[in-house]
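**Q** Below you'll find the structure I mean.
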Amino acid sequence: MALTVQEQGAATRARHRAPLADRADLAAAWRAFWISRVVVWAAGLAAIGVWGQQAAHRVAFDPAGLTRPYGPLADLLVGPAARWDSVWFLAIAGSGYDGGDRTAFFPLYPLLVRVGGILCGSPLLAAIAISCAAFLAALAVLHRLAVLEVGDEAARWAVLALALFPGALWFSAAYSESLFLLVSVGAVLCARTGRWAAAGVLGALAAATRSAGLLLLVPLALLWLDGWRARGPGRARVADLAWLGVVPLGLLAYCGFLALGGHGFTAPFSAQDTWHRSLAGPWAGVRDGAVAAWDGARQVVHGAAPPVYFRPAGGDPVEVGRHNLMLFGFLVAAVPALAGALRRLPLAHGAYAATALLLPLSYPVGPQPLMSLPRFEAVLYPLFLWIGLWLARGSAARRAVVLGLFAAGLAAFSALFSTWHWVA
């Protein structure tokens with residue numbers, strides 16, 4: 001059937017707008033990427049130069065030298081991207097799963113690192129390159145989604161806020177965070193724009209990157225329901241819904257692979273015992289985190305008064321108290337962002353953020369209940385959609401203060417991480 005003049009004009013305008021939108025997305029992403037990564041590398045390298053590295057931690061956590069394979073100068077340059085859990089991902093990329101603690105780390109990122117390492121001759125360089133490329137792409141995809149949901153101005157601030165958030169340190173490290181951010185936001189954007197096959201496939205990739213990828217079923221199902229209500233029932237709507245069934249296949253494929261290898265179908269979950277993470281009930285981590293923060297405040301003020309949750313190897317137990325205070329601060333700060341996302345954004349986004357926070361808060365770590373919370377928050381894009389909207393509606397002073405605090409936190413995290421001090 002021939003298009004009307006109006007439809008032809010709309011199609012022409014859409015074709016011309018698409019490249020402009022792509023350029024705007026990439027421009028916003030590139031600006032946020034380089035500003036934030038300058039902070040990471042400048043703070044990390046400066047900290048190594050001033051304070052050196054915790055040799056005990058480096059040797060204990062990386063006895064094989066996977067994060068320092070090049071020599072003094074090159075090892076220094078990759079320092080802000082290669083610490084702590086980087087060793088796990090590099091070990092899996094190099095020799096696969098051994099059926100032990102490694103099974104807690106999902107396979108898509110180390111698989112890409114393995115392939116990249118074969119191509120470039122260095123798994124560590126491949127890991128950093130994959131993380132940085134995925135982060136840049138994720139920022140561009142987030143900008144496109146944010147334009148749809150909160151407008152151009154708020155989208156710009158949302159992308160910058162995410163890139164400068166202290167937990168964004170891990171987006172350029174040899175960690176799976178940036179890959180998960182890319183495929184999870186990509187899945188939601190595809191669902192938001194009616195590309196359900198792509199949404200299902202990206203959701204499956206997210207579920208093969210982190211266990212939380214399965215929670216993408218929440219926003220995808222709610223977005224499908226919005227479409228059903230807007231356009232009414234039909235065969236196409238049912239076919240779209242069927243693509244949501246693809247999402248769990250990423251997790252099932254990984255569990256099946258481990259079962260065939262003799263490691264057990266539930267190995268990714270039983271391996272969490274190594275990190276003292278266990279089900280304590282919905283939102284139990286809020287209570288446990290508050291108690292740990294109170295005890296941490298007592299330890300900071302009075303010294304190592306009991307209870308000392310654990311004593312870092314060769315470290316000061318009061319340091320644990322400071323960590324617990326800091327982690328509880330991140331939880332408190334997430335509350336207004338979550339409330340704002342639930343109030344100001346379509347339900348799909350706020351519901352996803354709430355569900356994704358519920359997961360770690362229901363499985364607190366015994367010795368440090370809110371451990372890794374800044375990393376978990378960093379990939380919750382709805383929080384940053386609301387922050388972008390809040391910054392866009394506020395004054396220049398508000399933006400300067402918030403982004404300045406974010407950048408200072410990112411620098412502090414980078415300094416600690418690069419010198420082999422535990423952070424988050």
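Identifiers for the structure tokens are assigned positionally: chains receive A, B, ... in sequence, residues are indexed from 1 per chain, and ligands are indexed from 1 in the order shown.
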Give the alpha helix (DSSP H) residues of stretch 155-362 of chain A, as assigned by DSSP on the backbone, as a PyMOL selection string.

**A** chain A and resi 155-164+177-192+196-207+217-231+235-242+249-260+267-270+284-302+317-344+347-362

**Q** List the spatial neighbours of stretch 251-255 of chain A as a PyMOL selection string - criterion: any atom at most 7 Å away, only C-alpha atoms, same-chain residues fewer than 6 positions off excluded.

**A** chain A and resi 207-208+265-266

**Q** When you look at stretch 406-418 of chain A with a cut-off of 6 Å (counting only C-alpha atoms), what residues show up, excluding the ones that are within fewer than 3 positions of it in the same chain? I need them as a list in words.

**A** Val39, Val40, Ala43, Gly44, Ala47, Gly79, Pro80, Leu164, Phe165, Pro166, Leu403 and His421 of chain A

**Q** Can you pull out every residue within 9 Å of stretch 330-336 of chain A, counting only C-alpha atoms, but drop anything in the same chain fewer than 3 positions away, and send it as a PyMOL selection string?

**A** chain A and resi 286+289+325-327+339-341+370+373-374+377+383

**Q** For atom CA of A:Ala42 and atom CA of A:Tyr381, determine how far apart the two atoms are, in Å to one decimal place.

**A**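 It comes out at 25.8 Å.
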
**Q** Considering only C-alpha atoms, state which residue in the set A:Ala351, A:Val301, A:Ala280, A:Ile387 is at the smallest distance from A:Pro364.

**A**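 Of A:Ala351, A:Val301, A:Ala280, A:Ile387, the one nearest A:Pro364, counting only C-alpha atoms, is A:Ala280.
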
**Q** Counting only C-alpha atoms, give me one row per residue of stretch 95-209 of chain A with an atom at most 10 Å from an atom of stretch 390-395 of chain A, showing the shortest contact pair and its distance in Å to one decimal, sorted by chain then residue number, as CSV.

**A**
residue,atom,partner,partner_atom,distance
A:Val150,CA,A:Ala392,CA,9.6
A:Gly151,CA,A:Ala392,CA,9.5
A:Asp152,CA,A:Ala392,CA,9.5
A:Glu153,CA,A:Ala392,CA,6.1
A:Ala154,CA,A:Ala392,CA,5.0
A:Ala155,CA,A:Ala392,CA,8.6
A:Arg156,CA,A:Ala392,CA,8.7
A:Trp157,CA,A:Leu391,CA,6.7
A:Ala158,CA,A:Leu391,CA,8.2
A:Ala161,CA,A:Leu391,CA,9.2

**Q** List the neighbours of A:Ala64 out to 12 Å using only C-alpha atoms; skip same-chain residues closer than 6 positions along the sequence, and give me the result as a PDB file with N, CA, C and O atoms, in the first residue's frame.

**A**
ATOM      1  N   ARG A  58      48.716  -7.765  47.217  1.00  0.00           N
ATOM      2  CA  ARG A  58      49.065  -8.101  45.832  1.00  0.00           C
ATOM      3  C   ARG A  58      49.531  -9.545  45.720  1.00  0.00           C
ATOM      4  O   ARG A  58      49.099 -10.289  44.834  1.00  0.00           O
ATOM      5  N   VAL A  87      41.636 -10.660  38.977  1.00  0.00           N
ATOM      6  CA  VAL A  87      42.382 -11.923  38.994  1.00  0.00           C
ATOM      7  C   VAL A  87      41.460 -13.093  38.672  1.00  0.00           C
ATOM      8  O   VAL A  87      41.830 -14.016  37.922  1.00  0.00           O
ATOM      9  N   TRP A  88      40.247 -13.079  39.228  1.00  0.00           N
ATOM     10  CA  TRP A  88      39.301 -14.164  38.948  1.00  0.00           C
ATOM     11  C   TRP A  88      38.966 -14.237  37.463  1.00  0.00           C
ATOM     12  O   TRP A  88      38.987 -15.320  36.852  1.00  0.00           O
ATOM     13  N   LEU A  90      40.601 -13.038  34.885  1.00  0.00           N
ATOM     14  CA  LEU A  90      41.760 -13.399  34.067  1.00  0.00           C
ATOM     15  C   LEU A  90      42.094 -14.873  34.220  1.00  0.00           C
ATOM     16  O   LEU A  90      42.493 -15.534  33.241  1.00  0.00           O
ATOM     17  N   ALA A  91      41.923 -15.401  35.421  1.00  0.00           N
ATOM     18  CA  ALA A  91      42.187 -16.825  35.635  1.00  0.00           C
ATOM     19  C   ALA A  91      41.199 -17.685  34.857  1.00  0.00           C
ATOM     20  O   ALA A  91      41.577 -18.695  34.233  1.00  0.00           O
ATOM     21  N   GLY A  94      42.020 -17.632  31.264  1.00  0.00           N
ATOM     22  CA  GLY A  94      43.221 -18.384  30.935  1.00  0.00           C
ATOM     23  C   GLY A  94      43.069 -19.883  31.029  1.00  0.00           C
ATOM     24  O   GLY A  94      43.562 -20.622  30.172  1.00  0.00           O
TER      25      GLY A  94
END

**Q** Restricting the calculation to only C-alpha atoms: of A:Leu76, A:Ala133, A:Gly213, A:Gly321, which residue gets closest to A:Gly49?

**A**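 So, comparing all the options, the nearest one is A:Leu76.
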
**Q** Interatomic distance between atom CA of A:Ala199 and atom CA of A:Arg31?

**A**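 These atoms are spaced 27.0 Å apart.
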